[in-house]
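Read the structure below first, then the notes.
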2 protein chains.
Amino acid sequence: MELFSAHTEISDDQFLQNVEKCLEEALVVDDAVLPSSTDMLLSAARHLCVGQNAKRARPLLTLYFGRALGAPTQMLVKAATAAELIHSASLMHDDVIDNATMRRGRESVNAQFGNTIAVLGGNYLLSVAFSLLRDYPQEATSEAVLVIANMTKAAIAEIEIRERIEASLDLWREIALGKTGVLFAWCGQAAAFAVHDMESAQAFRRCGHHIGVLFQLADDLRDLVEVNALKDRFADLRNKEPSYPILVAASKSASLREEIVHLWLAEQVDEKRVECIGDAIISSGALETTLHAMTVEIALAKESLGR
Amino acid sequence: MELFSAHTEISDDQFLQNVEKCLEEALVVDDAVLPSSTDMLLSAARHLCVGQNAKRARPLLTLYFGRALGAPTQMLVKAATAAELIHSASLMHDDVIDNATMRRGRESVNAQFGNTIAVLGGNYLLSVAFSLLRDYPQEATSEAVLVIANMTKAAIAEIEIRERIEASLDLWREIALGKTGVLFAWCGQAAAFAVHDMESAQAFRRCGHHIGVLFQLADDLRDLVEVNALKDRFADLRNKEPSYPILVAASKSASLREEIVHLWLAEQVDEKRVECIGDAIISSGALETTLHAMTVEIALAKESLGR
């Protein structure tokens, strides 16, 4: 993919180290008039944002888009860090809403610092993110504002869709776009804004949408097949979250659909049934359909780049 | 005060009607891709923002500053609406944090729509506010970002100061600045940015800080003397919030201070003691000291305007 050629000299690892440094600096230096409150906000923010278990997908995407245009590294680092902060703010608020206890392999901010700090900490992260965009054209900020509005709507839609096996794949895709696509798209736009290339900004935006949906498809697929230290298999099924393959499986088999409805209606989720239904989803052909949807998104992502 | 002369032809009432219209439009029109989530966010936002019981102090302040510079009404309406939305976002999040049930004489958003909508609704209001600043120079946005960071810190400091009769008047003032002063200051800055007058922006910023502190002093004073339909007298004392006159009274009389400490240590607040201590605060001379502090802020506000 042409995007990955090295117009910008820096390696992925070096770039991520720069982003890590930028994150740390943004979450330390502060002209505190209210030192104790600031300390608490910054501790909570660092607890979530600075660490080993973050994938840094958004910073890497910003780098790849930026490389394609030969954008200056320092500008890219700022947009990449802003994207990571916007993402982290959404995680902090999501964890309050879900009453989550763990995030990225450690205690969630709400669990460790309480809901107050987690609610206000999310706002604070957003303001730190925006303050990093000062050297960018105003479009970077106004587009980021739209991204946050869309992420907010998708967060609500994701709650509404819970337990709803009758949800459409179109709705699933809109949520994936809002959860992940719009911020991925912004990473591409920001990389183009850094060199004032408004045409590429449009193309990268479309490309980011497809990569975001691709990312969510992969995430949903992984939940069915992968076991790792941070997450149990079949979490979506257990948490009554209609993932793409679950929706596909339900549309393929009426009896499987019945079983899922039954599982989700129960007060207590039965672990044996989860395993059994999970295996049935895998053998329903839903994996293959999900993989196919992924190849479609990849093709559309490439196509949106034009050249 | 020179500020109040009518360079801008519109009356206060007409201006507020325009702000009301702008608020309603900002919270209705939406290119919804996720219609159900958008509906919920907009209903919650309108529930809080569009109504009779809001004082609209920030819009009026924006108008008064703008009049002094002959700023165009339509630009002022946008900044005024943005300020009201930023203020409303902070109220929405404050009510989640305090588990408040009432706001502006009706049910709070968290009480009526739940915490999820209130947390995400706050974010959404901020993004709507920023989207109104598109015609403003970038400074209006970057300053608003700092305002939100400062309001966030003050919200935490306000929680930390609760029950702490030993808090200093300096800390009280920093919180008043963060809670109210920085957004009032921004209203002045925005009015000046609308006519690209950077010198007035600086002066109005300082002036707004003082008016914000003045506003908080008046609020604290009102709690001791005024009875109205929306708020009981002595709410600060009852809620263990060290207001300016409470802190002054405690510094004037060691025995009164002891009584307040005692009241705040009790599990259940004793209503008779609240009345009794409240009256003692009034007769301690704390009202006069607070009134004096108000005249100081008025003088400083005038001084900061220079001419």
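Starting from 1 in every chain, residues are counted up; chains themselves are A, B, ... following the order of the structure tokens, and ligands are numbered from 1 as listed.
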
**OP:** Using only C-alpha atoms, find the residues of chain B whose closest atom to chain A is at most 8 Å away, then write them as a PyMOL selection string.
**Re:** chain B and resi 33-34+36-38+41+93+97+115-117+119-121+123-124+127-128+130-131+134+138+142+145-146+148-149+152-154+156-157+171+174-175

**OP:** Compile the contact shell of Asp12 of chain A as a PyMOL selection string: residues with an atom at most 9 Å away, counting only C-alpha atoms, same-chain residues fewer than 3 positions apart removed.
**Re:** chain A and resi 15-17+60+63-64

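The interatomic distance for the pair atom CA of Val109 of chain B and atom CA of Ala44 of chain B works out to 6.1 Å.
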
**OP:** Run DSSP on the backbone and grab whatever in segment 75-293 of chain B lands in helix (DSSP H, G or I); send it over as number ranges by chain.
**Re:** B: 75-98, 109-113, 115-131, 138-161, 169-193, 198-225, 235-238, 244-252, 254-265, 271-283, 286-293

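Considering only segment 67-270 of chain B, backbone DSSP assigns strand (DSSP E or B) to Met102, Arg103, Arg106 and Glu107 of chain B.
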
**OP:** Please provide the set of residues having any atom within 10 Å of segment 230-234 of chain B, restricted to only C-alpha atoms, with same-chain residues fewer than 2 positions apart removed, written as a count of residues only.
**Re:** 26

**OP:** Could you give me, as a PyMOL selection string, the residues within 8 Å of segment 24-27 of chain A, counting only C-alpha atoms and dropping anything in the same chain fewer than 5 positions from it?
**Re:** chain A and resi 42+45-46+50+128

Show me a table, sorted first by chain and then by increasing residue number, of the residues of segment 94-213 of chain B having an atom at most 12 Å from segment 243-264 of chain B, each with its shortest atom pair and the distance in Å to one decimal, counting only C-alpha atoms and written as a Markdown table.
```
| residue | atom | partner | partner_atom | distance |
| --- | --- | --- | --- | --- |
| B:Glu158 | CA | B:Ser243 | CA | 10.4 |
| B:Ile161 | CA | B:Ser243 | CA | 10.0 |
| B:Arg162 | CA | B:Trp264 | CA | 9.6 |
| B:Glu163 | CA | B:Trp264 | CA | 6.2 |
| B:Arg164 | CA | B:Val261 | CA | 8.4 |
| B:Ile165 | CA | B:Leu247 | CA | 6.4 |
| B:Glu166 | CA | B:Leu247 | CA | 7.7 |
| B:Ala167 | CA | B:Leu247 | CA | 7.5 |
| B:Ser168 | CA | B:Leu247 | CA | 7.7 |
| B:Leu169 | CA | B:Tyr244 | CA | 7.0 |
| B:Asp170 | CA | B:Tyr244 | CA | 10.1 |
| B:Leu171 | CA | B:Tyr244 | CA | 10.3 |
| B:Trp172 | CA | B:Tyr244 | CA | 6.9 |
| B:Arg173 | CA | B:Tyr244 | CA | 8.5 |
| B:Glu174 | CA | B:Tyr244 | CA | 11.8 |
| B:Ile175 | CA | B:Ser243 | CA | 10.8 |
| B:Ala176 | CA | B:Tyr244 | CA | 9.8 |
| B:Val213 | CA | B:Tyr244 | CA | 10.6 |
```

**OP:** Write out as a list in words each polymer residue whose atoms come within 9 Å of Leu183 of chain B, counting only C-alpha atoms; drop sequence neighbours fewer than 3 positions from it.
**Re:**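 Close residues of Leu183 of chain B: Arg58, Ala83, Ile86, His87, Ala144, Val147, Ile148, Met151, Leu177, Gly178, Lys179, Thr180, Trp186, Cys187, Gly188, Gly208, His209 and Gly212 of chain B.
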
Now that the selection is made, can you save its residues with N, CA and C atoms as a PDB file, in the first residue's frame?
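And here's out.pdb as it stands now:
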```
ATOM      1  N   ARG B  58     -24.474  35.112  31.186  1.00  0.00           N
ATOM      2  CA  ARG B  58     -23.348  35.142  30.251  1.00  0.00           C
ATOM      3  C   ARG B  58     -23.714  35.790  28.912  1.00  0.00           C
ATOM      4  N   ALA B  83     -21.376  30.550  25.067  1.00  0.00           N
ATOM      5  CA  ALA B  83     -21.090  30.672  26.505  1.00  0.00           C
ATOM      6  C   ALA B  83     -22.175  29.998  27.331  1.00  0.00           C
ATOM      7  N   ILE B  86     -21.646  26.231  27.112  1.00  0.00           N
ATOM      8  CA  ILE B  86     -20.514  25.771  27.931  1.00  0.00           C
ATOM      9  C   ILE B  86     -20.941  25.746  29.402  1.00  0.00           C
ATOM     10  N   HIS B  87     -21.643  26.807  29.816  1.00  0.00           N
ATOM     11  CA  HIS B  87     -22.166  26.865  31.185  1.00  0.00           C
ATOM     12  C   HIS B  87     -23.119  25.694  31.443  1.00  0.00           C
ATOM     13  N   ALA B 144     -11.443  29.326  24.743  1.00  0.00           N
ATOM     14  CA  ALA B 144     -12.559  28.543  25.304  1.00  0.00           C
ATOM     15  C   ALA B 144     -12.066  27.200  25.834  1.00  0.00           C
ATOM     16  N   VAL B 147     -10.676  27.808  29.141  1.00  0.00           N
ATOM     17  CA  VAL B 147     -11.783  28.045  30.063  1.00  0.00           C
ATOM     18  C   VAL B 147     -12.335  26.714  30.581  1.00  0.00           C
ATOM     19  N   ILE B 148     -12.524  25.767  29.671  1.00  0.00           N
ATOM     20  CA  ILE B 148     -13.086  24.474  30.071  1.00  0.00           C
ATOM     21  C   ILE B 148     -12.135  23.733  30.999  1.00  0.00           C
ATOM     22  N   MET B 151     -12.502  25.498  34.361  1.00  0.00           N
ATOM     23  CA  MET B 151     -13.790  25.183  35.000  1.00  0.00           C
ATOM     24  C   MET B 151     -13.759  23.773  35.586  1.00  0.00           C
ATOM     25  N   LEU B 177     -13.162  32.178  40.629  1.00  0.00           N
ATOM     26  CA  LEU B 177     -12.604  32.528  39.314  1.00  0.00           C
ATOM     27  C   LEU B 177     -12.814  31.391  38.324  1.00  0.00           C
ATOM     28  N   GLY B 178     -12.476  30.162  38.750  1.00  0.00           N
ATOM     29  CA  GLY B 178     -12.568  29.005  37.862  1.00  0.00           C
ATOM     30  C   GLY B 178     -14.010  28.642  37.542  1.00  0.00           C
ATOM     31  N   LYS B 179     -14.880  28.747  38.547  1.00  0.00           N
ATOM     32  CA  LYS B 179     -16.285  28.381  38.347  1.00  0.00           C
ATOM     33  C   LYS B 179     -16.997  29.361  37.424  1.00  0.00           C
ATOM     34  N   THR B 180     -16.716  30.657  37.623  1.00  0.00           N
ATOM     35  CA  THR B 180     -17.525  31.688  36.976  1.00  0.00           C
ATOM     36  C   THR B 180     -16.667  32.723  36.238  1.00  0.00           C
ATOM     37  N   TRP B 186     -14.209  35.133  29.248  1.00  0.00           N
ATOM     38  CA  TRP B 186     -14.258  34.707  27.846  1.00  0.00           C
ATOM     39  C   TRP B 186     -15.356  35.458  27.083  1.00  0.00           C
ATOM     40  N   CYS B 187     -16.495  35.715  27.734  1.00  0.00           N
ATOM     41  CA  CYS B 187     -17.570  36.476  27.080  1.00  0.00           C
ATOM     42  C   CYS B 187     -17.035  37.829  26.615  1.00  0.00           C
ATOM     43  N   GLY B 188     -16.236  38.470  27.473  1.00  0.00           N
ATOM     44  CA  GLY B 188     -15.640  39.752  27.101  1.00  0.00           C
ATOM     45  C   GLY B 188     -14.629  39.597  25.975  1.00  0.00           C
ATOM     46  N   GLY B 208     -13.839  40.669  33.235  1.00  0.00           N
ATOM     47  CA  GLY B 208     -14.714  39.499  33.402  1.00  0.00           C
ATOM     48  C   GLY B 208     -14.349  38.674  34.632  1.00  0.00           C
ATOM     49  N   HIS B 209     -13.033  38.561  34.890  1.00  0.00           N
ATOM     50  CA  HIS B 209     -12.606  37.841  36.093  1.00  0.00           C
ATOM     51  C   HIS B 209     -13.223  38.473  37.337  1.00  0.00           C
ATOM     52  N   GLY B 212     -16.961  38.005  37.544  1.00  0.00           N
ATOM     53  CA  GLY B 212     -17.256  36.617  37.924  1.00  0.00           C
ATOM     54  C   GLY B 212     -17.162  36.411  39.427  1.00  0.00           C
TER      55      GLY B 212
END
```

Original post:
Contacts of segment 203-207 of chain B at 7 Å or less, counting only C-alpha atoms, minus same-chain residues fewer than 5 places along, as a ChimeraX atom specification?
Top reply: /B:185-186,188-189,301,304-305

Can you write just those residues out, N, CA, C and O atoms, as a short mmCIF file (atom, residue, chain, number, x, y, z; two decimals), in the first residue's frame?
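Final output, saved to out_36.cif:
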```cif
data_model
loop_
_atom_site.label_atom_id
_atom_site.label_comp_id
_atom_site.auth_asym_id
_atom_site.auth_seq_id
_atom_site.Cartn_x
_atom_site.Cartn_y
_atom_site.Cartn_z
N ALA B 185 -14.99 36.09 31.71
CA ALA B 185 -13.86 36.73 31.02
C ALA B 185 -13.90 36.39 29.54
O ALA B 185 -13.67 37.25 28.67
N TRP B 186 -14.21 35.13 29.25
CA TRP B 186 -14.26 34.71 27.85
C TRP B 186 -15.36 35.46 27.08
O TRP B 186 -15.17 35.80 25.90
N GLY B 188 -16.24 38.47 27.47
CA GLY B 188 -15.64 39.75 27.10
C GLY B 188 -14.63 39.60 25.98
O GLY B 188 -14.63 40.37 25.01
N GLN B 189 -13.78 38.56 26.09
CA GLN B 189 -12.79 38.32 25.04
C GLN B 189 -13.47 38.09 23.69
O GLN B 189 -13.08 38.65 22.67
N ALA B 301 -12.98 45.85 38.58
CA ALA B 301 -13.56 45.61 37.26
C ALA B 301 -13.53 46.88 36.43
O ALA B 301 -13.14 46.86 35.26
N SER B 304 -9.95 47.82 35.44
CA SER B 304 -9.35 46.99 34.40
C SER B 304 -9.77 47.44 33.00
O SER B 304 -9.11 47.11 32.02
N LEU B 305 -10.86 48.20 32.92
CA LEU B 305 -11.30 48.70 31.62
C LEU B 305 -10.50 49.92 31.17
O LEU B 305 -10.56 50.32 30.01
#
```
